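Dropping model.cif in here (mmCIF, C-alpha atoms):
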data_input
loop_
_atom_site.group_PDB
_atom_site.id
_atom_site.type_symbol
_atom_site.label_atom_id
_atom_site.label_comp_id
_atom_site.auth_asym_id
_atom_site.auth_seq_id
_atom_site.Cartn_x
_atom_site.Cartn_y
_atom_site.Cartn_z
ATOM 1 C CA MET A 1 0.000 0.000 0.000
ATOM 2 C CA ASP A 2 1.216 3.500 -0.822
ATOM 3 C CA ASP A 3 2.847 5.154 2.207
ATOM 4 C CA GLY A 4 1.839 8.618 1.019
ATOM 5 C CA ASP A 5 -1.786 8.879 2.030
ATOM 6 C CA ILE A 6 -4.244 8.385 4.847
ATOM 7 C CA ARG A 7 -6.427 5.488 3.897
ATOM 8 C CA PRO A 8 -9.713 4.395 5.526
ATOM 9 C CA VAL A 9 -10.619 0.734 5.458
ATOM 10 C CA GLU A 10 -13.823 -1.241 5.894
ATOM 11 C CA SER A 11 -16.436 0.205 8.264
ATOM 12 C CA HIS A 12 -18.534 -1.902 10.628
ATOM 13 C CA ARG A 13 -21.680 0.092 11.457
ATOM 14 C CA GLU A 14 -24.228 -2.720 11.229
ATOM 15 C CA LEU A 15 -23.139 -4.776 14.194
ATOM 16 C CA PRO A 16 -24.835 -7.086 16.681
ATOM 17 C CA LYS A 17 -25.163 -5.763 20.200
ATOM 18 C CA GLY A 18 -25.873 -7.397 23.533
ATOM 19 C CA SER A 19 -24.123 -9.372 26.212
ATOM 20 C CA ASP A 20 -24.409 -12.760 27.838
ATOM 21 C CA PHE A 21 -25.161 -11.366 31.300
ATOM 22 C CA SER A 22 -25.834 -14.900 32.600
ATOM 23 C CA GLN A 23 -22.068 -15.300 32.861
ATOM 24 C CA ILE A 24 -21.857 -12.621 35.575
ATOM 25 C CA SER A 25 -23.437 -13.020 38.988
ATOM 26 C CA PRO A 26 -25.714 -10.191 40.217
ATOM 27 C CA GLU A 27 -23.346 -9.737 43.168
ATOM 28 C CA VAL A 28 -20.365 -9.081 40.900
ATOM 29 C CA LEU A 29 -22.354 -6.710 38.690
ATOM 30 C CA LYS A 30 -23.491 -4.779 41.756
ATOM 31 C CA ALA A 31 -19.983 -4.648 43.218
ATOM 32 C CA SER A 32 -18.541 -3.456 39.903
ATOM 33 C CA GLU A 33 -20.608 -0.272 40.124
ATOM 34 C CA SER A 34 -18.185 0.997 42.776
ATOM 35 C CA TRP A 35 -15.038 0.167 40.797
ATOM 36 C CA GLY A 36 -13.344 3.143 39.201
ATOM 37 C CA VAL A 37 -13.575 3.080 35.409
ATOM 38 C CA ASN A 38 -10.241 2.100 33.820
ATOM 39 C CA ASP A 39 -8.589 1.872 37.241
ATOM 40 C CA TYR A 40 -5.929 -0.827 36.886
ATOM 41 C CA ASN A 41 -4.460 -0.460 40.373
ATOM 42 C CA ASP A 42 -6.192 -3.553 41.769
ATOM 43 C CA ILE A 43 -5.249 -5.804 38.865
ATOM 44 C CA SER A 44 -1.675 -4.536 38.419
ATOM 45 C CA GLU A 45 -0.254 -7.374 40.521
ATOM 46 C CA VAL A 46 -1.302 -9.983 37.940
ATOM 47 C CA TYR A 47 -1.549 -7.872 34.764
ATOM 48 C CA GLU A 48 1.912 -8.825 33.486
ATOM 49 C CA ASP A 49 1.339 -12.555 33.951
ATOM 50 C CA ALA A 50 -2.262 -12.479 32.733
ATOM 51 C CA MET A 51 -1.713 -10.613 29.475
ATOM 52 C CA GLY A 52 0.996 -7.916 29.454
ATOM 53 C CA ALA A 53 4.024 -10.104 28.785
ATOM 54 C CA ASP A 54 2.194 -12.328 26.293
ATOM 55 C CA MET A 55 0.958 -9.411 24.214
ATOM 56 C CA ALA A 56 4.368 -7.695 24.212
ATOM 57 C CA GLU A 57 6.003 -10.899 22.991
ATOM 58 C CA ILE A 58 3.556 -10.934 20.069
ATOM 59 C CA ILE A 59 3.358 -7.227 19.216
ATOM 60 C CA PHE A 60 7.019 -6.283 19.627
ATOM 61 C CA PRO A 61 8.378 -8.636 16.915
ATOM 62 C CA VAL A 62 5.834 -7.139 14.494
ATOM 63 C CA HIS A 63 7.030 -3.638 15.370
ATOM 64 C CA LYS A 64 10.691 -4.656 15.303
ATOM 65 C CA GLN A 65 10.387 -6.024 11.787
ATOM 66 C CA LEU A 66 8.592 -2.870 10.665
ATOM 67 C CA LEU A 67 11.073 -0.532 12.370
ATOM 68 C CA ALA A 68 14.054 -2.397 10.926
ATOM 69 C CA THR A 69 13.155 -0.856 7.566
ATOM 70 C CA GLU A 70 13.002 2.631 9.114
ATOM 71 C CA LEU A 71 15.731 2.801 11.784
ATOM 72 C CA ASN A 72 19.247 1.597 12.445
ATOM 73 C CA PHE A 73 18.922 0.005 15.890
ATOM 74 C CA ALA A 74 22.667 0.434 16.423
ATOM 75 C CA GLU A 75 22.169 4.212 16.499
ATOM 76 C CA LYS A 76 20.730 6.338 19.300
ATOM 77 C CA HIS A 77 16.962 6.859 19.168
ATOM 78 C CA ARG A 78 14.251 8.159 21.470
ATOM 79 C CA PHE A 79 11.131 6.052 22.071
ATOM 80 C CA LEU A 80 7.956 6.890 23.999
ATOM 81 C CA ASP A 81 5.351 4.290 24.985
ATOM 82 C CA VAL A 82 2.137 6.083 25.994
ATOM 83 C CA CYS A 83 -0.049 4.130 28.435
ATOM 84 C CA CYS A 84 2.831 1.701 28.947
ATOM 85 C CA GLY A 85 1.172 -0.497 31.580
ATOM 86 C CA THR A 86 3.698 -2.655 33.412
ATOM 87 C CA GLY A 87 6.421 -1.879 30.859
ATOM 88 C CA SER A 88 6.486 -5.263 29.125
ATOM 89 C CA TYR A 89 6.778 -3.744 25.625
ATOM 90 C CA LEU A 90 9.533 -1.344 26.703
ATOM 91 C CA ARG A 91 11.507 -4.188 28.262
ATOM 92 C CA GLN A 92 11.363 -6.014 24.938
ATOM 93 C CA LEU A 93 12.479 -2.817 23.206
ATOM 94 C CA SER A 94 15.392 -2.357 25.600
ATOM 95 C CA GLN A 95 16.832 -5.642 24.338
ATOM 96 C CA ALA A 96 16.938 -4.364 20.740
ATOM 97 C CA VAL A 97 18.117 -0.742 20.856
ATOM 98 C CA SER A 98 21.542 0.840 21.319
ATOM 99 C CA SER A 99 22.782 1.360 24.869
ATOM 100 C CA ASP A 100 22.549 5.146 24.507
ATOM 101 C CA SER A 101 18.939 5.149 23.298
ATOM 102 C CA GLU A 102 16.278 6.803 25.454
ATOM 103 C CA LEU A 103 13.140 4.908 26.501
ATOM 104 C CA TYR A 104 10.168 6.619 28.151
ATOM 105 C CA GLY A 105 6.972 5.122 29.547
ATOM 106 C CA LEU A 106 3.835 6.951 30.697
ATOM 107 C CA ASP A 107 0.801 5.458 32.423
ATOM 108 C CA LEU A 108 -2.133 6.810 34.417
ATOM 109 C CA SER A 109 -2.119 3.926 36.909
ATOM 110 C CA LYS A 110 0.168 4.198 39.912
ATOM 111 C CA GLY A 111 -0.072 0.430 40.354
ATOM 112 C CA GLN A 112 1.033 -0.254 36.782
ATOM 113 C CA ILE A 113 4.030 2.091 37.067
ATOM 114 C CA GLU A 114 5.060 0.564 40.396
ATOM 115 C CA ALA A 115 4.828 -2.918 38.867
ATOM 116 C CA ALA A 116 6.893 -1.771 35.864
ATOM 117 C CA ARG A 117 9.677 -0.408 38.062
ATOM 118 C CA GLU A 118 9.649 -3.577 40.155
ATOM 119 C CA LYS A 119 9.974 -5.725 37.017
ATOM 120 C CA ASP A 120 12.851 -3.562 35.771
ATOM 121 C CA ALA A 121 14.717 -3.868 39.065
ATOM 122 C CA GLY A 122 16.041 -7.251 37.950
ATOM 123 C CA GLY A 123 18.150 -5.495 35.341
ATOM 124 C CA ILE A 124 17.526 -4.449 31.744
ATOM 125 C CA PRO A 125 19.969 -3.377 28.995
ATOM 126 C CA VAL A 126 18.642 0.196 28.694
ATOM 127 C CA LYS A 127 17.115 2.078 31.609
ATOM 128 C CA ILE A 128 13.466 3.041 31.140
ATOM 129 C CA LYS A 129 12.239 6.361 32.499
ATOM 130 C CA TYR A 130 8.665 6.041 33.768
ATOM 131 C CA ALA A 131 6.159 8.731 34.672
ATOM 132 C CA GLU A 132 2.678 8.503 36.155
ATOM 133 C CA GLY A 133 0.214 10.731 34.347
ATOM 134 C CA ASP A 134 -2.805 11.198 32.106
ATOM 135 C CA ALA A 135 -2.015 11.037 28.387
ATOM 136 C CA VAL A 136 -4.417 13.927 27.762
ATOM 137 C CA THR A 137 -2.731 16.402 30.117
ATOM 138 C CA THR A 138 0.833 15.174 30.735
ATOM 139 C CA GLU A 139 3.625 16.761 28.704
ATOM 140 C CA PHE A 140 5.371 14.264 26.418
ATOM 141 C CA PRO A 141 9.117 14.039 25.726
ATOM 142 C CA GLN A 142 9.850 15.819 22.445
ATOM 143 C CA GLN A 143 11.854 14.890 19.350
ATOM 144 C CA CYS A 144 10.909 11.203 19.572
ATOM 145 C CA ASP A 145 11.776 8.883 16.722
ATOM 146 C CA VAL A 146 8.920 6.518 17.563
ATOM 147 C CA VAL A 147 5.828 6.790 19.761
ATOM 148 C CA THR A 148 3.723 3.722 20.547
ATOM 149 C CA MET A 149 0.355 3.047 22.176
ATOM 150 C CA ASN A 150 -0.060 -0.704 22.527
ATOM 151 C CA LEU A 151 -2.707 -3.151 23.692
ATOM 152 C CA ASP A 152 -5.746 -1.012 22.775
ATOM 153 C CA THR A 153 -4.749 1.827 25.114
ATOM 154 C CA MET A 154 -6.114 4.397 22.644
ATOM 155 C CA ASN A 155 -9.549 2.941 23.359
ATOM 156 C CA HIS A 156 -9.231 4.010 26.993
ATOM 157 C CA LEU A 157 -9.471 7.688 26.013
ATOM 158 C CA GLN A 158 -12.991 8.473 27.141
ATOM 159 C CA ARG A 159 -14.134 11.281 24.838
ATOM 160 C CA PRO A 160 -13.722 11.862 21.090
ATOM 161 C CA GLU A 161 -12.026 15.171 21.858
ATOM 162 C CA ASP A 162 -9.472 13.282 23.993
ATOM 163 C CA TRP A 163 -8.504 11.259 20.920
ATOM 164 C CA GLU A 164 -7.990 14.476 18.981
ATOM 165 C CA VAL A 165 -5.855 15.992 21.756
ATOM 166 C CA VAL A 166 -3.650 12.913 22.215
ATOM 167 C CA LEU A 167 -3.145 12.364 18.486
ATOM 168 C CA LYS A 168 -2.042 15.985 18.112
ATOM 169 C CA LYS A 169 0.295 15.705 21.129
ATOM 170 C CA ILE A 170 1.873 12.553 19.714
ATOM 171 C CA HIS A 171 2.315 14.167 16.311
ATOM 172 C CA ASP A 172 4.015 17.159 17.908
ATOM 173 C CA ALA A 173 6.264 14.928 20.068
ATOM 174 C CA LEU A 174 7.711 13.198 16.998
ATOM 175 C CA LYS A 175 10.692 14.260 14.957
ATOM 176 C CA PRO A 176 9.992 15.058 11.304
ATOM 177 C CA ASP A 177 9.235 11.755 9.540
ATOM 178 C CA GLY A 178 8.806 10.070 12.954
ATOM 179 C CA LEU A 179 6.459 7.105 13.380
ATOM 180 C CA PHE A 180 3.431 6.465 15.564
ATOM 181 C CA LEU A 181 2.586 2.762 15.977
ATOM 182 C CA PHE A 182 -0.611 1.774 17.757
ATOM 183 C CA ASP A 183 -3.468 -0.685 17.825
ATOM 184 C CA ILE A 184 -7.127 -0.307 18.716
ATOM 185 C CA ASN A 185 -10.085 -2.524 19.360
ATOM 186 C CA THR A 186 -12.370 -1.874 16.395
ATOM 187 C CA GLN A 187 -16.080 -1.224 16.774
ATOM 188 C CA LYS A 188 -16.642 -4.794 15.625
ATOM 189 C CA ARG A 189 -14.483 -6.101 18.462
ATOM 190 C CA LEU A 190 -16.216 -3.951 21.079
ATOM 191 C CA VAL A 191 -19.744 -5.039 20.255
ATOM 192 C CA GLN A 192 -19.177 -8.506 18.792
ATOM 193 C CA ASP A 193 -16.240 -9.966 20.740
ATOM 194 C CA LEU A 194 -15.917 -8.131 24.049
ATOM 195 C CA ASN A 195 -19.611 -8.342 24.889
ATOM 196 C CA PHE A 196 -19.092 -12.046 25.492
ATOM 197 C CA PRO A 197 -16.642 -13.913 27.747
ATOM 198 C CA GLU A 198 -12.990 -14.228 26.737
ATOM 199 C CA VAL A 199 -11.119 -16.501 29.121
ATOM 200 C CA ILE A 200 -7.385 -17.142 29.509
ATOM 201 C CA VAL A 201 -6.391 -20.112 31.669
ATOM 202 C CA LYS A 202 -2.814 -20.488 32.902
ATOM 203 C CA PRO A 203 -1.278 -22.560 35.702
ATOM 204 C CA GLY A 204 -2.514 -20.954 38.904
ATOM 205 C CA LEU A 205 -4.174 -18.034 37.104
ATOM 206 C CA VAL A 206 -7.485 -17.475 35.317
ATOM 207 C CA HIS A 207 -8.219 -14.189 33.522
ATOM 208 C CA MET A 208 -11.620 -13.263 32.075
ATOM 209 C CA ASP A 209 -13.007 -10.281 30.176
ATOM 210 C CA ILE A 210 -16.782 -10.043 29.775
ATOM 211 C CA GLY A 211 -18.858 -7.199 28.389
ATOM 212 C CA ILE A 212 -21.667 -5.485 30.257
ATOM 213 C CA GLY A 213 -23.054 -3.334 27.448
ATOM 214 C CA SER A 214 -22.359 -1.020 24.535
ATOM 215 C CA GLU A 215 -23.941 2.027 22.920
ATOM 216 C CA GLU A 216 -23.415 4.283 19.929
ATOM 217 C CA MET A 217 -22.187 7.861 20.362
ATOM 218 C CA GLY A 218 -22.011 9.475 16.941
ATOM 219 C CA ASP A 219 -18.972 8.218 15.047
ATOM 220 C CA PHE A 220 -17.891 6.282 18.157
ATOM 221 C CA ILE A 221 -19.151 3.258 20.051
ATOM 222 C CA LYS A 222 -18.774 3.026 23.830
ATOM 223 C CA GLN A 223 -18.464 -0.347 25.561
ATOM 224 C CA GLN A 224 -17.828 -1.480 29.121
ATOM 225 C CA HIS A 225 -16.489 -4.837 30.228
ATOM 226 C CA LEU A 226 -15.286 -6.362 33.461
ATOM 227 C CA MET A 227 -11.733 -7.638 33.765
ATOM 228 C CA LEU A 228 -11.529 -10.393 36.378
ATOM 229 C CA ALA A 229 -8.563 -12.496 37.474
ATOM 230 C CA PHE A 230 -8.218 -15.307 40.001
ATOM 231 C CA LYS A 231 -4.795 -16.381 41.252
ATOM 232 C CA THR A 232 -3.886 -19.413 43.341
ATOM 233 C CA MET A 233 -1.677 -18.223 46.195
ATOM 234 C CA PRO A 234 1.184 -20.262 47.763
ATOM 235 C CA ASP A 235 -1.066 -21.291 50.670
ATOM 236 C CA GLY A 236 -3.696 -22.636 48.272
ATOM 237 C CA THR A 237 -6.186 -19.802 48.696
ATOM 238 C CA ILE A 238 -7.649 -17.983 45.701
ATOM 239 C CA LYS A 239 -7.144 -14.224 45.427
ATOM 240 C CA ASP A 240 -9.349 -12.245 43.068
ATOM 241 C CA TYR A 241 -8.539 -9.064 41.148
ATOM 242 C CA HIS A 242 -10.788 -6.801 39.146
ATOM 243 C CA ALA A 243 -11.144 -3.747 36.929
ATOM 244 C CA ARG A 244 -14.052 -2.086 35.154
ATOM 245 C CA ILE A 245 -12.929 -1.111 31.657
ATOM 246 C CA GLN A 246 -14.608 1.404 29.366
ATOM 247 C CA HIS A 247 -13.536 1.626 25.740
ATOM 248 C CA ILE A 248 -14.650 3.892 22.948
ATOM 249 C CA ALA A 249 -13.842 3.253 19.295
ATOM 250 C CA PRO A 250 -14.402 5.424 16.225
ATOM 251 C CA THR A 251 -15.391 4.225 12.813
ATOM 252 C CA GLU A 252 -12.263 3.553 10.817
ATOM 253 C CA GLU A 253 -13.132 6.480 8.529
ATOM 254 C CA LYS A 254 -13.267 8.763 11.577
ATOM 255 C CA LEU A 255 -9.941 7.431 12.869
ATOM 256 C CA TYR A 256 -8.140 8.297 9.639
ATOM 257 C CA GLU A 257 -9.851 11.675 9.560
ATOM 258 C CA MET A 258 -8.525 12.457 13.061
ATOM 259 C CA LEU A 259 -5.016 11.309 12.142
ATOM 260 C CA GLY A 260 -5.024 13.643 9.168
ATOM 261 C CA ALA A 261 -6.366 16.527 11.261
ATOM 262 C CA ALA A 262 -3.576 15.942 13.808
ATOM 263 C CA GLY A 263 -1.018 16.507 11.060
ATOM 264 C CA PHE A 264 0.087 12.986 10.122
ATOM 265 C CA THR A 265 1.026 12.824 6.453
ATOM 266 C CA SER A 266 0.252 9.128 6.049
ATOM 267 C CA ALA A 267 -1.441 6.350 7.980
ATOM 268 C CA GLN A 268 -2.143 2.770 6.947
ATOM 269 C CA PRO A 269 -3.056 -0.545 8.531
ATOM 270 C CA VAL A 270 -0.149 -2.801 9.452
ATOM 271 C CA PRO A 271 -0.817 -6.253 7.967
ATOM 272 C CA ILE A 272 -1.024 -8.908 10.687
ATOM 273 C CA SER A 273 -1.006 -12.521 9.568
ATOM 274 C CA GLN A 274 -3.624 -14.979 10.747
ATOM 275 C CA GLU A 275 -0.784 -16.969 12.291
ATOM 276 C CA VAL A 276 0.113 -14.013 14.516
ATOM 277 C CA ARG A 277 -3.521 -13.186 15.308
ATOM 278 C CA GLY A 278 -4.068 -16.797 16.267
ATOM 279 C CA LYS A 279 -1.533 -16.521 19.084
ATOM 280 C CA HIS A 280 -3.907 -14.619 21.370
ATOM 281 C CA ILE A 281 -7.675 -14.233 21.656
ATOM 282 C CA PHE A 282 -7.294 -10.474 22.205
ATOM 283 C CA LEU A 283 -5.946 -9.991 18.666
ATOM 284 C CA LYS A 284 -9.274 -10.764 17.033
ATOM 285 C CA ASN A 285 -10.709 -7.725 15.207
ATOM 286 C CA ARG A 286 -7.854 -5.508 16.404
ATOM 287 C CA LEU A 287 -6.564 -2.859 13.994
ATOM 288 C CA PHE A 288 -2.825 -2.068 13.875
ATOM 289 C CA ILE A 289 -1.779 1.298 12.412
ATOM 290 C CA LYS A 290 1.456 2.950 11.282
ATOM 291 C CA ALA A 291 1.224 6.746 11.026
ATOM 292 C CA ARG A 292 4.001 9.056 9.853
ATOM 293 C CA LYS A 293 4.589 12.679 10.793
#
Exercise: express the given structure as structure tokens:
Amino acid sequence: MDDGDIRPVESHRELPKGSDFSQISPEVLKASESWGVNDYNDISEVYEDAMGADMAEIIFPVHKQLLATELNFAEKHRFLDVCCGTGSYLRQLSQAVSSDSELYGLDLSKGQIEAAREKDAGGIPVKIKYAEGDAVTTEFPQQCDVVTMNLDTMNHLQRPEDWEVVLKKIHDALKPDGLFLFDINTQKRLVQDLNFPEVIVKPGLVHMDIGIGSEEMGDFIKQQHLMLAFKTMPDGTIKDYHARIQHIAPTEEKLYEMLGAAGFTSAQPVPISQEVRGKHIFLKNRLFIKARK
């Protein structure tokens, strides 16, 4: 595909809606009303093991192959991962870049940042500088070669105007010809996949996402789902973790329109093979984008 334009792809406006509420007990639904929306602090302890590390191990090789055609990894570069979670992607990146490269991670969740720093304490090739803050209001490092937003973190921006603000901030944080790599849950994923249970079972750990409803809001769709995890502790007891997640997703036409308005000169989907998508249930109906300043 030509790298010189901003190209919309297929839209998904006629979509099934609903949720299999029978999978959630009334007690859990009631309790979830008091959980802060998109507050990952409670689930940070198991986030890396439940999904963070797995997704980074899948997404980073895709990005590395793409970036190898754009950058010389032996040279110094500046990278920013917005909404970095527990830092799993940045730790993968630290293994590939030059020792004098600069790596920055930003996340709203204090728990996620604390977990990231704890994971890094074991030693990594390139030190990662973390900051706790809101992507909408926090000042970004400037003159970045690459900015990333991985694992559907764009969807966590709660208002359409927040998307516009963050896209403009990322554009301005990049060097000329710099790249923005990100992925989002499409509208199809929000209303067709995430409104039903998705379960990951690992030794001593069960993770489940299940939707609790979706609605249209102009060019966007809003969806909420519960993130639940259950971990077997050393003494045999089961500890539970939770988060209430709210995502919004634009039509793909609207997404490309916003990228163009932010100043990006080109933006196209990154092809992801079915083999790669098949490695994780969360990759279904997820759109990967490369945008250039």
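Here CA of Gly263 in chain A is placed at a distance of 6.8 Å from CA of Lys293 in chain A.
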**Message:** To one decimal place in Å, what is the distance between CA of Phe230 in chain A and CA of Glu48 in chain A?
**Reply:** 13.7 Å
**Request:** Could you state which residues are captured by the PyMOL selection byres ((chain A and resi 267-273) around 6) in this file, as a VMD selection string?
**Result:** chain A and resid 6 to 7 266 274 to 276 288 to 291
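Using only C-alpha atoms for every distance, the candidate list A:Trp163, A:Phe264, A:Phe140, A:Tyr130 yields A:Phe264 as the residue closest to Asp177 in chain A.
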**Item:** Output check: residues returned by the PyMOL selection byres ((chain A and resi 203) around 12), as a count of residues only
**Value:** 13
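Put simply, CA of Thr86 in chain A is 5.6 Å away from CA of Ala115 in chain A.
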**Item:** Non-local contacts of range 184-190 of chain A (6 Å; all atoms listed in the file; under 2 positions in same chain excluded) as a ChimeraX atom specification
**Value:** /A:152,192-194,249,285-287
**Request:** Step by step: start from the point (-12.4, -1.0, 36.8) in the file's coordinates, keep every protein, DNA or RNA residue that has an atom no farther than 7 Å from it, count only C-alpha atoms, and write the set as a PyMOL selection string.
**Result:** chain A and resi 35-40+226+242-245
**Request:** Decode the PyMOL selection byres ((chain A and resi 74) around 10) for the given file into explicit residues and return them as number ranges by chain.
**Result:** A: 71-73, 75-77, 96-101
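Nearest residue to Asn150 in chain A among A:Tyr256, A:Tyr104, A:Phe196, A:Phe60 is A:Phe60, counting all atoms listed in the file.
Residue nearest Ala131 in chain A within the list A:Lys119, A:Lys110, A:Lys64, A:Lys239: A:Lys110 [criterion: smallest interatomic distance, only C-alpha atoms].
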**Request:** Excluding Ser88 in chain A and residues on its chain fewer than 2 positions from it, collect all residues at most 12 Å away from it, counting all atoms listed in the file, and give them as an MDAnalysis selection string.
**Result:** chainID A and resid 47:60 81 83:86 90:95 105 112:113 115:120 124 128 150:151
**Request:** Show which residues sit within 8 Å of range 217-219 of chain A, as a PyMOL selection string. Count only C-alpha atoms, and ignore same-chain residues fewer than 5 positions away.
**Result:** chain A and resi 250-251+254
Written file, previous selection with C-alpha atoms, as a CSV table (one decimal), keeping the file's coordinate frame:
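Writing done, so here's out19.csv:
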chain,number,residue,atom,x,y,z
A,250,PRO,CA,-14.4,5.4,16.2
A,251,THR,CA,-15.4,4.2,12.8
A,254,LYS,CA,-13.3,8.8,11.6
Using 3 Å of padding on each side, determine the axis-aligned box around all atoms of range 91-102 of chain A present in the file and give its centre and edge lengths in Å to one decimal, as lines of an AutoDock Vina configuration file.
center_x = 17.1
center_y = 0.4
center_z = 24.5
size_x = 17.4
size_y = 18.8
size_z = 13.5
**Message:** Give me, as a ChimeraX atom specification, all polymer residues having an atom no more than 12 Å from range 165-170 of chain A, counting all atoms listed in the file and skipping those fewer than 6 positions away in the same chain.
**Reply:** /A:79-83,134-149,153-159,176,178-182,255-264,291-293
**Selected residue, from A:Asp240, A:Glu161, A:Arg277, A:Val199, that lies nearest to Val46 in chain A when counting all atoms listed in the file** = A:Asp240
